[in-house]
file my_file13.cif (mmCIF, C-alpha atoms and all ligand atoms)
data_structure
loop_
_atom_site.label_atom_id
_atom_site.label_comp_id
_atom_site.auth_asym_id
_atom_site.auth_seq_id
_atom_site.Cartn_x
_atom_site.Cartn_y
_atom_site.Cartn_z
CA MET A 28 17.64 -9.24 -6.86
CA THR A 29 17.97 -5.46 -7.09
CA ASN A 30 15.81 -3.21 -5.00
CA ILE A 31 13.76 -0.79 -7.04
CA LEU A 32 12.70 1.21 -4.01
CA GLU A 33 14.40 1.67 -0.65
CA VAL A 34 12.70 3.68 2.03
CA ASN A 35 15.01 4.52 4.94
CA GLU A 36 13.85 5.93 8.28
CA LEU A 37 10.99 7.85 6.71
CA VAL A 38 9.20 10.31 8.98
CA THR A 39 6.15 12.11 7.60
CA GLY A 40 4.11 14.58 9.61
CA TYR A 41 1.02 16.73 9.32
CA ARG A 42 0.94 20.23 10.68
CA GLY A 43 -1.03 20.39 13.92
CA LYS A 44 -1.60 23.07 16.55
CA ASN A 45 1.62 22.21 18.36
CA GLY A 46 3.92 21.29 15.49
CA TYR A 47 3.94 18.22 13.32
CA LEU A 48 2.07 15.04 14.19
CA LYS A 49 4.03 12.10 12.85
CA ALA A 50 1.75 9.86 10.82
CA VAL A 51 4.71 7.76 9.71
CA ASP A 52 7.55 7.52 12.20
CA GLY A 53 10.83 5.95 11.14
CA VAL A 54 9.67 3.49 8.51
CA SER A 55 12.23 1.47 6.49
CA PHE A 56 11.59 -1.15 3.86
CA ALA A 57 12.62 -2.11 0.34
CA ILE A 58 10.84 -3.44 -2.73
CA LYS A 59 12.61 -5.68 -5.19
CA GLU A 60 12.23 -5.42 -8.95
CA GLY A 61 9.09 -7.21 -10.08
CA GLU A 62 7.99 -8.01 -6.53
CA THR A 63 4.51 -7.57 -5.10
CA ILE A 64 4.69 -6.36 -1.53
CA CYS A 65 1.60 -5.62 0.54
CA ILE A 66 1.28 -3.09 3.34
CA VAL A 67 -1.32 -4.22 5.82
CA GLY A 68 -2.74 -2.58 8.93
CA GLU A 69 -5.88 -1.15 10.44
CA SER A 70 -7.35 2.18 9.47
CA GLY A 71 -5.05 5.01 10.55
CA SER A 72 -1.87 2.92 10.66
CA GLY A 73 -0.09 5.11 8.10
CA LYS A 74 -0.36 2.95 4.98
CA SER A 75 -1.64 5.74 2.73
CA VAL A 76 0.75 8.30 4.21
CA THR A 77 3.63 5.93 3.40
CA SER A 78 2.55 5.61 -0.23
CA MET A 79 1.70 9.32 -0.54
CA SER A 80 5.19 10.08 0.78
CA VAL A 81 6.80 7.89 -1.88
CA MET A 82 4.73 9.71 -4.50
CA ARG A 83 5.56 13.03 -2.77
CA LEU A 84 1.87 13.86 -2.59
CA VAL A 85 1.76 14.62 1.16
CA GLU A 86 2.89 18.20 0.65
CA TYR A 87 -0.33 18.86 -1.26
CA GLU A 88 -2.32 18.25 1.89
CA ASN A 89 -0.51 20.00 4.70
CA GLY A 90 1.98 17.20 5.21
CA LYS A 91 5.74 17.11 5.06
CA ILE A 92 8.49 14.54 4.81
CA LEU A 93 10.40 15.43 7.97
CA ALA A 94 13.25 12.95 7.65
CA GLY A 95 14.45 9.92 5.76
CA GLU A 96 15.30 8.83 2.26
CA ILE A 97 13.16 7.43 -0.53
CA ASN A 98 15.58 5.87 -2.99
CA PHE A 99 13.95 4.95 -6.27
CA LYS A 100 16.39 3.35 -8.72
CA GLY A 101 19.17 4.98 -6.74
CA GLU A 102 17.78 8.53 -6.65
CA ASP A 103 16.35 10.10 -3.51
CA LEU A 104 12.77 11.16 -4.27
CA ALA A 105 12.64 13.13 -1.02
CA LYS A 106 15.13 15.55 -2.58
CA LYS A 107 13.46 15.95 -5.97
CA THR A 108 11.81 19.21 -7.00
CA THR A 109 8.05 19.46 -7.57
CA GLU A 110 8.69 19.63 -11.32
CA GLU A 111 10.95 16.54 -11.33
CA MET A 112 8.35 14.62 -9.34
CA ARG A 113 5.60 15.64 -11.74
CA LYS A 114 7.58 14.04 -14.59
CA LEU A 115 8.26 10.89 -12.61
CA ARG A 116 4.70 10.37 -11.39
CA GLY A 117 2.69 8.48 -13.95
CA SER A 118 5.79 7.58 -15.93
CA GLU A 119 8.18 5.52 -13.82
CA ILE A 120 5.94 5.24 -10.77
CA SER A 121 2.16 5.15 -11.05
CA MET A 122 -0.51 5.05 -8.42
CA ILE A 123 -4.12 3.89 -8.34
CA PHE A 124 -6.52 4.87 -5.60
CA GLN A 125 -9.54 3.53 -3.83
CA GLU A 126 -12.28 5.56 -5.49
CA PRO A 127 -11.99 5.45 -9.26
CA LEU A 128 -14.86 7.89 -9.84
CA THR A 129 -13.27 10.83 -8.06
CA ALA A 130 -9.93 10.18 -9.75
CA LEU A 131 -11.46 10.42 -13.24
CA ASN A 132 -12.59 13.72 -14.71
CA PRO A 133 -16.38 13.55 -15.29
CA VAL A 134 -16.38 15.91 -18.29
CA PHE A 135 -13.89 14.08 -20.50
CA THR A 136 -14.27 10.78 -22.32
CA ILE A 137 -12.27 7.74 -21.24
CA GLY A 138 -10.32 7.89 -24.51
CA LYS A 139 -9.36 11.52 -23.95
CA GLN A 140 -8.21 10.84 -20.38
CA ILE A 141 -6.06 7.84 -21.23
CA SER A 142 -4.54 9.47 -24.31
CA GLU A 143 -3.81 12.69 -22.39
CA ALA A 144 -1.96 10.62 -19.79
CA ILE A 145 0.12 9.11 -22.58
CA LEU A 146 0.72 12.47 -24.29
CA PHE A 147 1.86 14.07 -21.02
CA HIS A 148 4.90 11.82 -21.01
CA GLN A 149 5.41 10.96 -24.68
CA LYS A 150 5.45 13.22 -27.71
CA ILE A 151 3.52 11.15 -30.23
CA PRO A 152 0.65 12.01 -32.61
CA LYS A 153 -2.81 12.15 -30.97
CA LYS A 154 -4.12 9.38 -33.22
CA LEU A 155 -1.37 7.07 -32.07
CA ALA A 156 -2.08 7.89 -28.43
CA MET A 157 -5.75 7.01 -28.97
CA ALA A 158 -4.76 3.70 -30.58
CA ARG A 159 -2.49 3.00 -27.59
CA ALA A 160 -5.42 3.84 -25.28
CA GLU A 161 -7.49 1.21 -27.04
CA GLU A 162 -4.70 -1.35 -26.59
CA LEU A 163 -4.52 -0.53 -22.90
CA LEU A 164 -8.27 -1.00 -22.46
CA THR A 165 -7.91 -4.41 -24.06
CA LEU A 166 -4.99 -5.22 -21.76
CA VAL A 167 -7.06 -4.42 -18.66
CA GLY A 168 -9.85 -6.64 -19.93
CA LEU A 169 -12.54 -4.15 -20.92
CA SER A 170 -14.87 -5.46 -23.58
CA GLU A 171 -15.64 -3.28 -26.62
CA PRO A 172 -12.70 -0.96 -26.08
CA LYS A 173 -13.59 1.20 -29.13
CA THR A 174 -16.97 2.06 -27.61
CA ARG A 175 -15.45 2.66 -24.14
CA LEU A 176 -13.07 5.25 -25.54
CA LYS A 177 -16.04 7.46 -26.40
CA GLN A 178 -17.84 6.98 -23.08
CA PHE A 179 -17.77 9.20 -19.98
CA PRO A 180 -16.83 7.89 -16.51
CA HIS A 181 -20.45 7.86 -15.24
CA GLU A 182 -21.41 5.48 -18.04
CA LEU A 183 -19.16 2.77 -16.61
CA SER A 184 -19.52 0.58 -13.52
CA GLY A 185 -17.15 0.90 -10.54
CA GLY A 186 -15.16 -2.15 -11.61
CA MET A 187 -14.86 -0.84 -15.18
CA ARG A 188 -13.70 2.55 -13.91
CA GLN A 189 -11.03 0.90 -11.80
CA ARG A 190 -9.85 -0.94 -14.92
CA VAL A 191 -9.64 2.41 -16.68
CA MET A 192 -7.55 3.78 -13.79
CA ILE A 193 -5.25 0.78 -14.08
CA ALA A 194 -5.00 1.41 -17.84
CA ILE A 195 -3.97 5.02 -17.14
CA ALA A 196 -1.46 3.87 -14.53
CA LEU A 197 0.06 1.44 -17.03
CA ALA A 198 0.11 3.90 -19.92
CA THR A 199 3.82 4.58 -19.63
CA GLU A 200 4.87 1.12 -18.45
CA PRO A 201 5.98 2.13 -14.96
CA ASP A 202 8.49 0.03 -13.02
CA LEU A 203 6.55 0.51 -9.80
CA LEU A 204 2.79 0.55 -9.36
CA ILE A 205 1.40 1.71 -6.06
CA ALA A 206 -2.18 0.59 -5.47
CA ASP A 207 -3.87 2.03 -2.37
CA GLU A 208 -6.88 -0.13 -1.48
CA PRO A 209 -7.82 -0.41 -5.15
CA THR A 210 -10.72 -2.76 -4.51
CA THR A 211 -12.24 -1.50 -1.27
CA ALA A 212 -15.05 0.33 -3.06
CA LEU A 213 -15.93 -2.71 -5.18
CA ASP A 214 -17.99 -5.78 -4.45
CA VAL A 215 -16.36 -9.15 -3.82
CA THR A 216 -16.60 -10.65 -7.31
CA ILE A 217 -15.30 -7.51 -8.97
CA GLU A 218 -12.55 -7.29 -6.35
CA ALA A 219 -11.38 -10.78 -7.27
CA GLN A 220 -11.31 -9.84 -10.96
CA ILE A 221 -9.29 -6.68 -10.37
CA LEU A 222 -6.79 -8.54 -8.15
CA GLU A 223 -6.45 -11.20 -10.84
CA LEU A 224 -5.81 -8.45 -13.37
CA LEU A 225 -3.04 -6.98 -11.19
CA ARG A 226 -1.46 -10.42 -10.89
CA LYS A 227 -1.58 -10.92 -14.64
CA ILE A 228 -0.06 -7.51 -15.33
CA ARG A 229 2.71 -8.08 -12.82
CA GLN A 230 3.67 -11.28 -14.58
CA GLU A 231 3.44 -9.88 -18.08
CA LYS A 232 5.19 -6.59 -17.40
CA ASN A 233 7.50 -7.70 -14.57
CA MET A 234 6.48 -4.59 -12.66
CA ALA A 235 6.92 -4.13 -8.92
CA ILE A 236 3.63 -3.58 -7.07
CA MET A 237 3.15 -2.01 -3.66
CA LEU A 238 -0.38 -2.98 -2.73
CA ILE A 239 -2.03 -1.41 0.28
CA THR A 240 -4.87 -3.23 1.94
CA HIS A 241 -6.47 -3.55 5.37
CA ASP A 242 -7.36 -7.12 4.42
CA ILE A 243 -4.56 -9.54 5.31
CA GLY A 244 -6.42 -12.24 3.37
CA VAL A 245 -5.96 -10.23 0.16
CA ALA A 246 -2.30 -9.65 1.05
CA VAL A 247 -1.70 -13.37 1.53
CA GLU A 248 -3.19 -14.10 -1.89
CA MET A 249 -1.37 -11.35 -3.73
CA SER A 250 2.10 -10.81 -2.35
CA GLN A 251 5.54 -12.35 -1.96
CA ARG A 252 6.19 -10.28 1.16
CA ILE A 253 4.05 -8.41 3.67
CA ILE A 254 4.73 -5.30 5.73
CA ILE A 255 2.58 -4.98 8.84
CA MET A 256 2.04 -1.40 10.03
CA TYR A 257 0.51 -0.06 13.20
CA ALA A 258 0.18 3.58 14.32
CA GLY A 259 2.92 4.84 12.00
CA LYS A 260 5.45 2.08 12.72
CA ILE A 261 6.38 -1.17 11.05
CA MET A 262 5.66 -4.14 13.31
CA GLU A 263 6.80 -6.94 11.06
CA ILE A 264 8.16 -7.58 7.56
CA ALA A 265 8.39 -11.12 6.29
CA GLU A 266 7.73 -13.43 3.40
CA THR A 267 4.03 -14.01 2.97
CA ASN A 268 4.31 -17.70 3.69
CA ASP A 269 6.14 -17.08 7.00
CA ILE A 270 3.70 -14.37 8.06
CA MET A 271 0.79 -16.65 7.36
CA LYS A 272 2.14 -19.75 9.11
CA ARG A 273 4.15 -18.17 11.92
CA PRO A 274 3.44 -14.57 12.71
CA TYR A 275 6.20 -13.26 15.02
CA HIS A 276 4.39 -10.11 16.08
CA PRO A 277 1.27 -10.40 18.26
CA TYR A 278 -0.40 -7.74 16.09
CA THR A 279 0.21 -9.81 12.95
CA LYS A 280 -1.25 -12.81 14.74
CA ALA A 281 -4.31 -10.80 15.74
CA LEU A 282 -4.80 -9.60 12.18
CA LEU A 283 -4.64 -13.17 10.91
CA GLU A 284 -7.13 -14.32 13.52
CA SER A 285 -9.50 -11.57 12.47
CA VAL A 286 -9.76 -12.87 8.91
CA PRO A 287 -13.42 -13.70 8.52
CA THR A 288 -14.35 -17.26 7.69
CA MET A 289 -16.52 -18.14 4.71
CA ASP A 290 -19.71 -17.66 6.66
CA GLY A 291 -18.37 -14.75 8.71
CA GLU A 292 -18.76 -11.05 8.16
CA ARG A 293 -16.43 -9.34 5.72
CA GLY A 294 -14.14 -6.50 6.62
CA SER A 295 -14.66 -6.42 10.37
CA LEU A 296 -11.06 -6.21 11.51
CA LEU A 297 -9.76 -7.20 14.90
CA LYS A 298 -12.85 -8.60 16.43
CA SER A 299 -10.40 -10.70 18.36
CA ILE A 300 -8.66 -7.83 20.17
CA LYS A 301 -10.32 -5.06 22.07
CA GLY A 302 -9.50 -1.37 21.81
CA SER A 303 -8.54 0.76 18.88
CA ILE A 304 -5.51 2.32 17.25
CA PRO A 305 -4.15 5.31 19.26
CA SER A 306 -4.51 8.79 17.82
CA LEU A 307 -1.35 10.60 16.78
CA ASN A 308 -1.48 13.13 19.61
CA GLU A 309 -1.67 10.52 22.34
CA LEU A 310 0.73 7.81 21.27
CA PRO A 311 1.91 5.42 23.99
CA ALA A 312 5.49 5.89 25.23
CA GLY A 313 6.53 2.30 24.60
CA CYS A 314 5.35 -0.11 21.94
CA ARG A 315 2.38 1.44 20.21
CA PHE A 316 0.51 -1.82 20.24
CA ALA A 317 1.15 -2.49 23.94
CA PRO A 318 -2.22 -1.15 25.23
CA ARG A 319 -3.99 -3.84 23.18
CA CYS A 320 -1.39 -6.59 23.28
CA PRO A 321 -2.07 -9.81 25.19
CA LEU A 322 1.69 -10.25 25.78
CA ALA A 323 2.47 -6.72 26.96
CA THR A 324 4.72 -6.35 30.00
CA GLU A 325 6.08 -3.30 31.82
CA GLN A 326 8.98 -3.05 29.37
CA CYS A 327 6.52 -2.88 26.45
CA HIS A 328 4.71 0.05 28.04
CA GLN A 329 7.98 1.91 28.69
CA GLU A 330 10.30 1.19 25.76
CA GLN A 331 9.74 1.09 22.03
CA PRO A 332 11.04 -2.15 20.55
CA PRO A 333 13.34 -1.62 17.55
CA LEU A 334 12.63 -3.37 14.25
CA GLU A 335 15.12 -6.20 14.49
CA THR A 336 16.29 -8.53 11.76
CA MET A 337 16.05 -12.22 12.59
CA GLN A 338 16.30 -15.14 10.21
CA ASN A 339 14.53 -14.02 7.08
CA ARG A 340 12.38 -11.35 8.66
CA GLN A 341 12.15 -8.17 10.69
CA VAL A 342 10.08 -7.79 13.83
CA ALA A 343 9.59 -5.03 16.39
CA CYS A 344 8.54 -6.83 19.55
CA TRP A 345 10.10 -7.48 22.96
CA HIS A 346 8.46 -10.89 23.09
CA VAL A 347 9.51 -12.55 19.86
CA ASP A 348 10.86 -15.51 21.84
CA LYS A 349 7.45 -16.11 23.38
CA MET A 350 5.89 -15.92 19.95
CA LYS A 351 8.45 -18.34 18.50
CA SER A 352 7.80 -20.80 21.32
CA LEU A 353 4.21 -21.05 20.11
CA TYR A 354 5.52 -22.82 17.03
CA GLU A 355 8.14 -25.03 18.66
CA HIS A 356 5.97 -28.13 18.69
CA GLU A 357 5.51 -27.87 14.92
CA LYS A 358 7.42 -30.27 12.72
CA GLY A 359 10.51 -28.62 11.32
CA GLY A 360 9.97 -25.66 13.61
CA GLU A 361 12.61 -23.00 13.74
CA PRO A 362 14.97 -23.04 16.73
P1 LIG B 401 -7.01 3.59 6.05
O1 LIG B 401 -7.01 2.09 6.10
O2 LIG B 401 -8.16 4.18 6.77
O3 LIG B 401 -6.83 4.14 4.69
P2 LIG B 401 -4.23 4.30 6.57
O4 LIG B 401 -3.41 3.24 7.18
O5 LIG B 401 -4.09 4.55 5.13
O6 LIG B 401 -5.75 4.04 6.96
P3 LIG B 401 -3.36 6.99 6.83
O7 LIG B 401 -4.33 7.63 5.92
O8 LIG B 401 -2.00 6.75 6.31
O9 LIG B 401 -3.94 5.64 7.38
O10 LIG B 401 -3.31 7.89 8.13
C1 LIG B 401 -2.34 7.77 9.15
C2 LIG B 401 -2.53 8.89 10.12
O11 LIG B 401 -2.24 10.13 9.49
C3 LIG B 401 -3.95 8.99 10.67
O12 LIG B 401 -3.89 9.25 12.04
C4 LIG B 401 -4.52 10.17 9.93
O13 LIG B 401 -5.46 10.84 10.73
C5 LIG B 401 -3.31 11.03 9.66
N1 LIG B 401 -3.51 11.81 8.43
C6 LIG B 401 -3.62 11.31 7.19
N2 LIG B 401 -3.82 12.30 6.29
C7 LIG B 401 -3.83 13.45 6.99
C8 LIG B 401 -3.98 14.84 6.64
N3 LIG B 401 -4.18 15.23 5.38
N4 LIG B 401 -3.95 15.75 7.66
C9 LIG B 401 -3.75 15.36 8.93
N5 LIG B 401 -3.59 14.09 9.32
C10 LIG B 401 -3.63 13.14 8.37
MG MG B 402 -5.41 4.63 3.53
#
call {"tool": "encode", "arguments": {"input": "my_file13.cif", "output": "structure tokens"}}
result
Amino acid sequence: MTNILEVNELVTGYRGKNGYLKAVDGVSFAIKEGETICIVGESGSGKSVTSMSVMRLVEYENGKILAGEINFKGEDLAKKTTEEMRKLRGSEISMIFQEPLTALNPVFTIGKQISEAILFHQKIPKKLAMARAEELLTLVGLSEPKTRLKQFPHELSGGMRQRVMIAIALATEPDLLIADEPTTALDVTIEAQILELLRKIRQEKNMAIMLITHDIGVAVEMSQRIIIMYAGKIMEIAETNDIMKRPYHPYTKALLESVPTMDGERGSLLKSIKGSIPSLNELPAGCRFAPRCPLATEQCHQEQPPLETMQNRQVACWHVDKMKSLYEHEKGGEP
């Protein structure tokens, strides 16, 4: 299947006192047409910076793409002008964010905001845009769409506002939807409904989705493949099923073990491993996860492991063989 997006050796930095601090440091991955891929990692691992780089939004907050390519349908987004990106954003690539209230304008009605989004990219009569807005509200499962069109953001619940944001993101039928923690601000039942909506839309529209979440449980439910990030680097990329059954990176394994059980607490990541993610100005010399890794050896502290391709996946760890040996006793285990 064709790749819709190919990110190659992306480096994105933020201006600090002594030059740029690299929030994303040599990240490469691809998304296939119609695929849902999840980026998972703890807070500060560079998930949002990766997506903001693809959208070319980092330069609006003191950041810069320092190196790499972002090929979207064969064109390098890293080389596009601000004006070209403005046209592309919201038309061929759309993004939804965590907090739907701040993303909506409080002084305009829902109808106005959705129709404006349509009119920005398509020259059609206003009436038609409003009718299309109503269709979109129906598509995202909002009841009484006619009434909603006339309402203001504060009159809707958080879950309803996120549906409106999804409607806006879908207004121009993008080929890629980037969703950065779209359900973190919502409660569990509403989260499930929004995730179900994304699944439905993906199927109906055959749209690729890059979903960012710190919750590997959500990633397992939603995606075909998962990218595990830690401190600005990719640790592992594999099919969801493989990640779930046989994590090859100790960090992936730790994330999976931190998934709370039914009676456990929600959202408390990495109870199973001590320590925290390093800050960008004091990154370890070797593997960035080494200070917290149960398998770390001298080599891990000295040398960064490259992201290596093996079987159907990519892993950056010096101890993949040890990890694999954990699964050797399993029936049909890989060699
Ligand atoms: P979270 O789960 O909390 O959203 P994340 O994985 O999305 O985390 P990022 O927001 O991508 O993390 O941040 C990665 C690193 O980049 C962090 O160390 C963060 O402090 C830094 N960073 C992000 N935005 C900026 C900014 N505007 N200026 C300076 N540093 C930034
Ligand atoms: Mg983030």
call {"tool": "residues_near_ligand", "arguments": {"input": "my_file13.cif", "ligand": "ligand LIG 401 (chain B)", "cutoff": "10 Å", "atoms": "only C-alpha atoms and all ligand atoms", "output": "ChimeraX atom specification"}}
result
/A:39-43,47-51,66-80,85-90,125,207-208,211,239-242,256-259,304-308
call {"tool": "closest_residue", "arguments": {"input": "my_file13.cif", "among": "A:Glu263, A:Arg175, A:Cys314, A:Ala57", "to": "Glu161 in chain A", "atoms": "only C-alpha atoms"}}
result
A:Arg175
call {"tool": "atom_distance", "arguments": {"input": "my_file13.cif", "atom1": "CA of Ala323 in chain A", "atom2": "CA of Leu283 in chain A"}}
result
18.7 Å
call {"tool": "residues_near_point", "arguments": {"input": "my_file13.cif", "point": "(1.8, -6.3, 9.4)", "cutoff": "9 Å", "atoms": "all atoms listed in the file", "output": "list in words"}}
result
Cys65, Ile66, Val67, Gly68, Ile243, Ile253, Ile254, Ile255, Met256, Tyr257, Ile261, Met262, Glu263, Ile264, Ala265, Ile270, His276, Tyr278, Thr279, Lys280 and Leu282 of chain A
call {"tool": "atom_distance", "arguments": {"input": "my_file13.cif", "atom1": "CA of Ala312 in chain A", "atom2": "CA of Pro332 in chain A"}}
result
10.8 Å
call {"tool": "closest_residue", "arguments": {"input": "my_file13.cif", "among": "A:Thr108, A:Gly95, A:Lys227, A:Leu238", "to": "ligand MG 402 (chain B)", "atoms": "only C-alpha atoms and all ligand atoms"}}
result
A:Leu238
call {"tool": "closest_residue", "arguments": {"input": "my_file13.cif", "among": "A:Glu335, A:Gln326, A:Ile236, A:Phe124", "to": "ligand MG 402 (chain B)", "atoms": "all atoms listed in the file"}}
result
A:Phe124
call {"tool": "atom_distance", "arguments": {"input": "my_file13.cif", "atom1": "CA of Leu224 in chain A", "atom2": "CA of Ile137 in chain A"}}
result
19.1 Å
call {"tool": "residues_around", "arguments": {"input": "my_file13.cif", "residues": "Pro277 in chain A", "least_positions_apart": "4", "cutoff": "10 Å", "atoms": "only C-alpha atoms", "output": "list in words"}}
result
Met262, Glu263, Ala281, Leu282, Leu283, Phe316, Ala317, Arg319, Cys320, Pro321, Leu322, Ala323, Cys344, His346, Val347, Lys349 and Met350 of chain A
call {"tool": "write_last_selection", "arguments": {"input": "my_file13.cif", "atoms": "C-alpha atoms", "output": "mmCIF file, keeping the file's coordinate frame"}}
result
data_model
loop_
_atom_site.group_PDB
_atom_site.id
_atom_site.type_symbol
_atom_site.label_atom_id
_atom_site.label_comp_id
_atom_site.auth_asym_id
_atom_site.auth_seq_id
_atom_site.Cartn_x
_atom_site.Cartn_y
_atom_site.Cartn_z
ATOM 1 C CA MET A 262 5.660 -4.140 13.310
ATOM 2 C CA GLU A 263 6.800 -6.940 11.060
ATOM 3 C CA ALA A 281 -4.310 -10.800 15.740
ATOM 4 C CA LEU A 282 -4.800 -9.600 12.180
ATOM 5 C CA LEU A 283 -4.640 -13.170 10.910
ATOM 6 C CA PHE A 316 0.510 -1.820 20.240
ATOM 7 C CA ALA A 317 1.150 -2.490 23.940
ATOM 8 C CA ARG A 319 -3.990 -3.840 23.180
ATOM 9 C CA CYS A 320 -1.390 -6.590 23.280
ATOM 10 C CA PRO A 321 -2.070 -9.810 25.190
ATOM 11 C CA LEU A 322 1.690 -10.250 25.780
ATOM 12 C CA ALA A 323 2.470 -6.720 26.960
ATOM 13 C CA CYS A 344 8.540 -6.830 19.550
ATOM 14 C CA HIS A 346 8.460 -10.890 23.090
ATOM 15 C CA VAL A 347 9.510 -12.550 19.860
ATOM 16 C CA LYS A 349 7.450 -16.110 23.380
ATOM 17 C CA MET A 350 5.890 -15.920 19.950
#
call {"tool": "residues_around", "arguments": {"input": "my_file13.cif", "residues": "Leu197 in chain A", "least_positions_apart": "4", "cutoff": "9 Å", "atoms": "only C-alpha atoms", "output": "number ranges by chain"}}
result
A: 117-118, 121, 163, 192-193, 201, 204
call {"tool": "write_last_selection", "arguments": {"input": "my_file13.cif", "atoms": "C-alpha atoms", "output": "compact mmCIF listing (two decimals), in the coordinates of the input"}}
result
# COMPACT_ATOMS: atom_id res chain seq x y z
CA GLY A 117 2.69 8.48 -13.95
CA SER A 118 5.79 7.58 -15.93
CA SER A 121 2.16 5.15 -11.05
CA LEU A 163 -4.52 -0.53 -22.90
CA MET A 192 -7.55 3.78 -13.79
CA ILE A 193 -5.25 0.78 -14.08
CA PRO A 201 5.98 2.13 -14.96
CA LEU A 204 2.79 0.55 -9.36
call {"tool": "decode", "arguments": {"input": "my_file13.cif", "residues": "range 100-115 of chain A", "atoms": "N, CA and C atoms", "output": "tab-separated table (two decimals), in the first residue's frame"}}
result
chain	number	residue	atom	x	y	z
A	100	LYS	N	2.27	12.88	0.32
A	100	LYS	CA	1.91	12.60	-1.08
A	100	LYS	C	3.04	13.04	-2.01
A	101	GLY	N	4.26	12.75	-1.60
A	101	GLY	CA	5.40	13.01	-2.47
A	101	GLY	C	5.97	14.42	-2.44
A	102	GLU	N	5.37	15.32	-1.66
A	102	GLU	CA	5.93	16.68	-1.57
A	102	GLU	C	6.47	16.93	-0.18
A	103	ASP	N	7.62	17.58	-0.11
A	103	ASP	CA	8.27	17.81	1.18
A	103	ASP	C	7.66	19.03	1.89
A	104	LEU	N	6.90	18.77	2.95
A	104	LEU	CA	6.24	19.85	3.68
A	104	LEU	C	7.25	20.77	4.36
A	105	ALA	N	8.41	20.21	4.70
A	105	ALA	CA	9.44	21.02	5.37
A	105	ALA	C	9.91	22.17	4.48
A	106	LYS	N	9.69	22.02	3.16
A	106	LYS	CA	10.17	23.04	2.23
A	106	LYS	C	9.05	23.99	1.78
A	107	LYS	N	7.84	23.76	2.23
A	107	LYS	CA	6.73	24.59	1.75
A	107	LYS	C	6.74	25.97	2.41
A	108	THR	N	6.21	26.95	1.70
A	108	THR	CA	6.13	28.30	2.28
A	108	THR	C	4.97	28.34	3.28
A	109	THR	N	4.96	29.39	4.10
A	109	THR	CA	3.90	29.58	5.10
A	109	THR	C	2.54	29.60	4.39
A	110	GLU	N	2.48	30.28	3.26
A	110	GLU	CA	1.23	30.42	2.52
A	110	GLU	C	0.76	29.06	1.97
A	111	GLU	N	1.70	28.29	1.42
A	111	GLU	CA	1.35	26.96	0.89
A	111	GLU	C	0.84	26.06	2.01
A	112	MET	N	1.48	26.17	3.19
A	112	MET	CA	1.06	25.34	4.32
A	112	MET	C	-0.33	25.73	4.79
A	113	ARG	N	-0.60	27.03	4.78
A	113	ARG	CA	-1.91	27.51	5.22
A	113	ARG	C	-3.02	26.87	4.37
A	114	LYS	N	-2.75	26.75	3.08
A	114	LYS	CA	-3.75	26.16	2.17
A	114	LYS	C	-3.92	24.66	2.43
A	115	LEU	N	-2.80	24.02	2.76
A	115	LEU	CA	-2.82	22.57	2.95
A	115	LEU	C	-3.48	22.17	4.26
